[in-house]
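Read through the structure below, which is laid out as structure tokens, and then see the notes.
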Amino acid sequence: MVVASPAVAVRAWKPPIAGIREVLHARFTEHAYPPHTHDAWTLFIVDDGVIRYDLDGRPQGAVPPMVSVLPPHVVHDGRPATSRGYRKRVLYLETSVLGEELIGPAVDRPVVAVPGIRRRVSGLHDALACVDDLLEAETRLVFVAEQIRTALGGAPLDEPAPPGDDLAERMRAYLDARVVQPVTMAAASADIGASPTQLARAFARAFGIPPHAYVLGRRLDAARDRILDGRPLADVATEVGFCDQAHMTRRFQAFLGTTPGRFAAGARQPPTRRSDARGTASLPIPGPGSRGVAASPAARHPGR
């Protein structure tokens, strides 16, 4: 759903991810929310402007560097602090993600003071905006929720996997078998018999990257192989698991620093000289003893 006017712009949707009830991106210049409550958690960041609100009768504020979390069942409102208004991005999270035992601490400390959390929440929103990135969104949600629980003094949602457990290897095998298919943490959790938190934590600890980054790398490897075989780019995108060529192009360029089209053009023009392979245009390199070039002492006497 998208609603737009000179003073208001709203985009809202329900992603197919357990634990996220709604995603809301909005710009308001004048609108003021009346006092209300939700039965879900409200996790939000401000991209521009300043928000003023009361939470349980206590005055609060939110500015772009902050991550704020409002607990369920607690009265709050919201309004622009200046005539410029504000832009915000909001996630409404189920109590299965953040438990109701954290309500009291969140009323006292609605700002999540964790280094890097703002960037992580923003990255979660970016992942939620594309259907191809659901595995990434699920993984990011796991780590964001874990950091918020810790900041509010809560216990980990799941115990770590016991030492010697092969969760990470089982997760990698699960992903390897489905590299070009839609994959979700929820499905992996059901198949392997461990929670998404346990899987994501074990995988990142064992391999140094989260599951979604591993899958992306494997898909891009598959894409490069097909491009070098001369396959049409649109076909390559769908064959390796991207929803369309545009999304593959964004991921490809971010990873390799060039577009699939340029990569394909280079594949059609293999280097004919050794210097071309190094990316430097020059005359062919003559061998030792060629006319006009003196061989080095080492070339003349290779035994030295």
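Letters for chains follow the order of the structure tokens (A, B, ...), residue numbers begin at 1 for each chain, and ligand numbers begin at 1 in the order shown.
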*asked:* So that I can see what lies close to Ala113 (chain A), please list as a list in words the residues with an atom at most 12 Å from it, counting only C-alpha atoms and leaving out residues fewer than 5 positions away in the same chain.
replied: Pro65, Met66, Val67, Ser68, Val69, Ala106, Arg118, Gln147, Ile148, Arg149, Thr150, Ala151 and Leu152 of chain A
Grab the residues selected above and save them as an mmCIF file, in the first residue's frame with C-alpha atoms.
data_model
loop_
_atom_site.group_PDB
_atom_site.id
_atom_site.type_symbol
_atom_site.label_atom_id
_atom_site.label_comp_id
_atom_site.auth_asym_id
_atom_site.auth_seq_id
_atom_site.Cartn_x
_atom_site.Cartn_y
_atom_site.Cartn_z
ATOM 1 C CA PRO A 65 21.266 8.528 14.827
ATOM 2 C CA MET A 66 18.877 6.726 17.188
ATOM 3 C CA VAL A 67 17.125 3.371 17.173
ATOM 4 C CA SER A 68 13.962 3.455 19.291
ATOM 5 C CA VAL A 69 11.778 0.604 20.488
ATOM 6 C CA ALA A 106 11.843 -0.548 27.227
ATOM 7 C CA ARG A 118 21.253 1.810 13.511
ATOM 8 C CA GLN A 147 21.072 -7.152 20.293
ATOM 9 C CA ILE A 148 17.891 -5.408 21.425
ATOM 10 C CA ARG A 149 17.144 -8.147 23.959
ATOM 11 C CA THR A 150 20.659 -7.849 25.343
ATOM 12 C CA ALA A 151 20.433 -4.047 25.510
ATOM 13 C CA LEU A 152 17.200 -4.325 27.501
#
*Identify which of the residues A:Pro196, A:Pro260, A:Ala206, A:Leu134 lies closest to Glu169 (chain A), counting only C-alpha atoms when measuring atom-to-atom distances.*
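Residue with the minimum atom-to-atom distance to Glu169 (chain A): A:Ala206.
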Sorted by chain and rising residue number, list the residues of region 128-230 of chain A at most 12 Å from region 29-50 of chain A (counting only C-alpha atoms), each with its closest atom pair and distance in Å to one decimal, as JSON lines.
{"residue": "A:Leu141", "atom": "CA", "partner": "A:Leu43", "partner_atom": "CA", "distance": 11.4}
{"residue": "A:Val144", "atom": "CA", "partner": "A:Leu43", "partner_atom": "CA", "distance": 10.4}
{"residue": "A:Ala145", "atom": "CA", "partner": "A:Leu43", "partner_atom": "CA", "distance": 10.0}
{"residue": "A:Ile148", "atom": "CA", "partner": "A:Leu43", "partner_atom": "CA", "distance": 9.9}
Let's have the selection written as a CSV table (one decimal), in the first residue's frame, with N, CA and C atoms.
chain,number,residue,atom,x,y,z
A,141,LEU,N,17.2,-10.0,11.0
A,141,LEU,CA,16.2,-9.9,12.1
A,141,LEU,C,16.7,-10.6,13.4
A,144,VAL,N,19.5,-8.5,15.0
A,144,VAL,CA,19.0,-7.2,15.5
A,144,VAL,C,18.2,-7.5,16.8
A,145,ALA,N,17.3,-8.5,16.7
A,145,ALA,CA,16.5,-8.8,17.9
A,145,ALA,C,17.4,-9.3,19.1
A,148,ILE,N,18.9,-6.2,20.7
A,148,ILE,CA,17.9,-5.4,21.4
A,148,ILE,C,17.6,-6.1,22.7
*In Å to one decimal, how far is CA of Ala155 (chain A) from CA of Pro105 (chain A)?*
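CA of Ala155 (chain A) lies at a distance of 12.8 Å from CA of Pro105 (chain A).
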*Can you list, as an NGL selection string, every residue of region 178-267 of chain A that DSSP puts in helix (DSSP H, G or I)?*
:A and (185-192 or 196-207 or 211-228 or 233-239 or 245-256 or 260-267)
*asked:* List the spatial neighbours of Phe263 (chain A) as a PyMOL selection string - criterion: any atom at most 9 Å away, only C-alpha atoms, same-chain residues fewer than 4 positions off excluded.
replied: chain A and resi 224+227-228+258-259+267-268
Keeping N, CA and C atoms, export the residues of the selection given above as a CSV table (one decimal), in the first residue's frame.
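Once everything was written out, this is again38.csv:
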chain,number,residue,atom,x,y,z
A,224,ARG,N,28.4,-16.1,-12.8
A,224,ARG,CA,29.6,-15.8,-13.6
A,224,ARG,C,29.9,-17.0,-14.5
A,227,ILE,N,27.5,-16.8,-17.4
A,227,ILE,CA,27.8,-15.6,-18.3
A,227,ILE,C,29.0,-16.0,-19.2
A,228,LEU,N,30.0,-16.6,-18.6
A,228,LEU,CA,31.2,-17.0,-19.4
A,228,LEU,C,30.9,-18.0,-20.4
A,258,THR,N,31.8,-4.4,-11.1
A,258,THR,CA,31.4,-4.2,-12.5
A,258,THR,C,30.1,-4.8,-12.8
A,259,THR,N,29.4,-4.5,-13.9
A,259,THR,CA,28.1,-5.0,-14.2
A,259,THR,C,28.2,-6.4,-14.9
A,267,ALA,N,34.3,-11.2,-21.4
A,267,ALA,CA,34.4,-12.6,-21.7
A,267,ALA,C,34.4,-12.9,-23.2
A,268,ARG,N,33.8,-12.0,-24.0
A,268,ARG,CA,33.8,-12.2,-25.4
A,268,ARG,C,35.0,-11.8,-26.1
*Nearest candidate to Gly153 (chain A) (options A:Pro182, A:Asp225, A:Leu102, A:Leu199; using only C-alpha atoms)*: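 Nearest to Gly153 (chain A): A:Leu102.
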_Could you list, as a PyMOL selection string, every residue within 12 Å of Ala129 (chain A), counting only C-alpha atoms and ignoring same-chain residues fewer than 2 positions away?_
chain A and resi 11-16+23-25+89+122-127+131-134+136-137+247
*asked:* Taking only region 21-266 of chain A into account, list the residues labelled strand (DSSP E or B) by DSSP (computed from the backbone), as a PyMOL selection string.
replied: chain A and resi 21-28+33-36+41-49+51-55+58-62+67-70+76-80+86-93+111
Selection file, C-alpha atoms, as a compact mmCIF listing (two decimals), in the first residue's frame:
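The resulting file, again_15.txt, is reproduced below:
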# COMPACT_ATOMS: atom_id res chain seq x y z
CA ARG A 21 3.75 -8.01 11.37
CA GLU A 22 4.19 -4.89 9.25
CA VAL A 23 6.78 -2.66 7.61
CA LEU A 24 5.96 1.05 7.42
CA HIS A 25 7.92 3.80 5.67
CA ALA A 26 6.40 7.25 6.10
CA ARG A 27 6.96 10.97 5.78
CA PHE A 28 4.82 13.41 7.76
CA TYR A 33 -0.64 10.51 16.27
CA PRO A 34 -3.17 10.53 19.11
CA PRO A 35 -2.40 8.50 22.25
CA HIS A 36 -2.72 4.80 21.40
CA TRP A 41 6.60 -3.94 19.45
CA THR A 42 7.36 -0.77 17.46
CA LEU A 43 10.99 -0.59 16.28
CA PHE A 44 11.75 2.59 14.36
CA ILE A 45 14.49 4.79 12.98
CA VAL A 46 14.27 8.39 11.79
CA ASP A 47 15.89 9.21 8.45
CA ASP A 48 15.22 12.95 8.51
CA GLY A 49 13.79 15.44 10.98
CA ILE A 51 10.02 13.17 16.34
CA ARG A 52 8.61 14.07 19.74
CA TYR A 53 6.45 11.60 21.61
CA ASP A 54 5.25 10.65 25.06
CA LEU A 55 5.68 7.07 26.24
CA ARG A 58 7.14 10.52 29.81
CA PRO A 59 8.41 12.93 27.13
CA GLN A 60 10.79 11.36 24.63
CA GLY A 61 12.39 12.21 21.29
CA ALA A 62 13.95 10.51 18.28
CA VAL A 67 17.13 3.37 17.17
CA SER A 68 13.96 3.45 19.29
CA VAL A 69 11.78 0.60 20.49
CA LEU A 70 8.30 1.11 21.94
CA HIS A 76 2.31 6.57 23.34
CA ASP A 77 1.72 9.26 20.72
CA GLY A 78 3.91 10.99 18.11
CA ARG A 79 4.33 14.31 16.32
CA PRO A 80 6.84 16.34 14.29
CA TYR A 86 10.17 13.82 9.54
CA ARG A 87 10.78 10.61 7.64
CA LYS A 88 10.78 7.31 9.50
CA ARG A 89 11.00 3.57 8.92
CA VAL A 90 9.13 1.27 11.28
CA LEU A 91 8.94 -2.45 11.98
CA TYR A 92 6.09 -3.87 14.02
CA LEU A 93 7.47 -6.99 15.70
CA VAL A 111 16.56 4.21 22.85
_Atomic separation - CA of Leu135 (chain A) relative to CA of His212 (chain A), Å_ = 5.7 Å
*For Gly217 (chain A), work out the shell of residues within 12 Å, counting only C-alpha atoms and skipping chain neighbours fewer than 2 positions away, then give it as an MDAnalysis selection string.*
chainID A and resid 175:176 179:180 209:215 219:224 240:241 248 251:252 254:256
Expected file: the selected residues, C-alpha atoms, as a PDB file, in the first residue's frame:
ATOM      1  CA  LEU A 175      22.053 -24.188   1.599  1.00  0.00           C
ATOM      2  CA  ASP A 176      24.309 -25.945  -0.918  1.00  0.00           C
ATOM      3  CA  VAL A 179      21.539 -22.455  -3.868  1.00  0.00           C
ATOM      4  CA  VAL A 180      19.309 -21.400  -6.765  1.00  0.00           C
ATOM      5  CA  ILE A 209      29.755 -14.797   7.330  1.00  0.00           C
ATOM      6  CA  PRO A 210      25.973 -15.062   7.809  1.00  0.00           C
ATOM      7  CA  PRO A 211      23.951 -17.581   5.779  1.00  0.00           C
ATOM      8  CA  HIS A 212      22.586 -15.022   3.328  1.00  0.00           C
ATOM      9  CA  ALA A 213      26.093 -13.805   2.415  1.00  0.00           C
ATOM     10  CA  TYR A 214      27.140 -17.401   1.736  1.00  0.00           C
ATOM     11  CA  VAL A 215      24.159 -17.994  -0.548  1.00  0.00           C
ATOM     12  CA  ARG A 219      24.678 -17.561  -6.655  1.00  0.00           C
ATOM     13  CA  LEU A 220      27.113 -15.023  -8.068  1.00  0.00           C
ATOM     14  CA  ASP A 221      29.630 -17.797  -8.757  1.00  0.00           C
ATOM     15  CA  ALA A 222      26.910 -19.661 -10.648  1.00  0.00           C
ATOM     16  CA  ALA A 223      26.011 -16.473 -12.530  1.00  0.00           C
ATOM     17  CA  ARG A 224      29.613 -15.829 -13.576  1.00  0.00           C
ATOM     18  CA  VAL A 240      20.628 -18.734 -10.367  1.00  0.00           C
ATOM     19  CA  GLY A 241      17.843 -17.511  -8.092  1.00  0.00           C
ATOM     20  CA  MET A 248      21.299  -9.561 -10.199  1.00  0.00           C
ATOM     21  CA  ARG A 251      24.314  -7.569  -6.412  1.00  0.00           C
ATOM     22  CA  PHE A 252      26.890  -8.370  -9.100  1.00  0.00           C
ATOM     23  CA  ALA A 254      28.345  -4.483  -5.443  1.00  0.00           C
ATOM     24  CA  PHE A 255      30.319  -7.722  -5.221  1.00  0.00           C
ATOM     25  CA  LEU A 256      32.606  -7.538  -8.281  1.00  0.00           C
TER      26      LEU A 256
END
_Interatomic distance (Å, one decimal) between CA of Arg140 (chain A) and CA of Asp56 (chain A)_ =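 CA of Asp56 (chain A) lies at a distance of 29.5 Å from CA of Arg140 (chain A).
Of the residues listed (A:Met171, A:Ile117, A:Ile17, A:Val63), A:Ile17 shows the shortest atom-to-atom separation from Glu138 (chain A); distances use only C-alpha atoms.
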*Thr197 (chain A) surroundings by only C-alpha atoms, 12 Å radius, close-in-sequence under 6 positions cut, as a PyMOL selection string*: chain A and resi 97+138-147+156-161+167-168+185-186+188-189+203-204+210-211
*asked:* I want to know what sits within 8 Å of Gln245 (chain A), based on only C-alpha atoms, with residues of the same chain fewer than 4 positions away left out; could you give that as number ranges by chain?
replied: A: 233-234, 236-238, 249
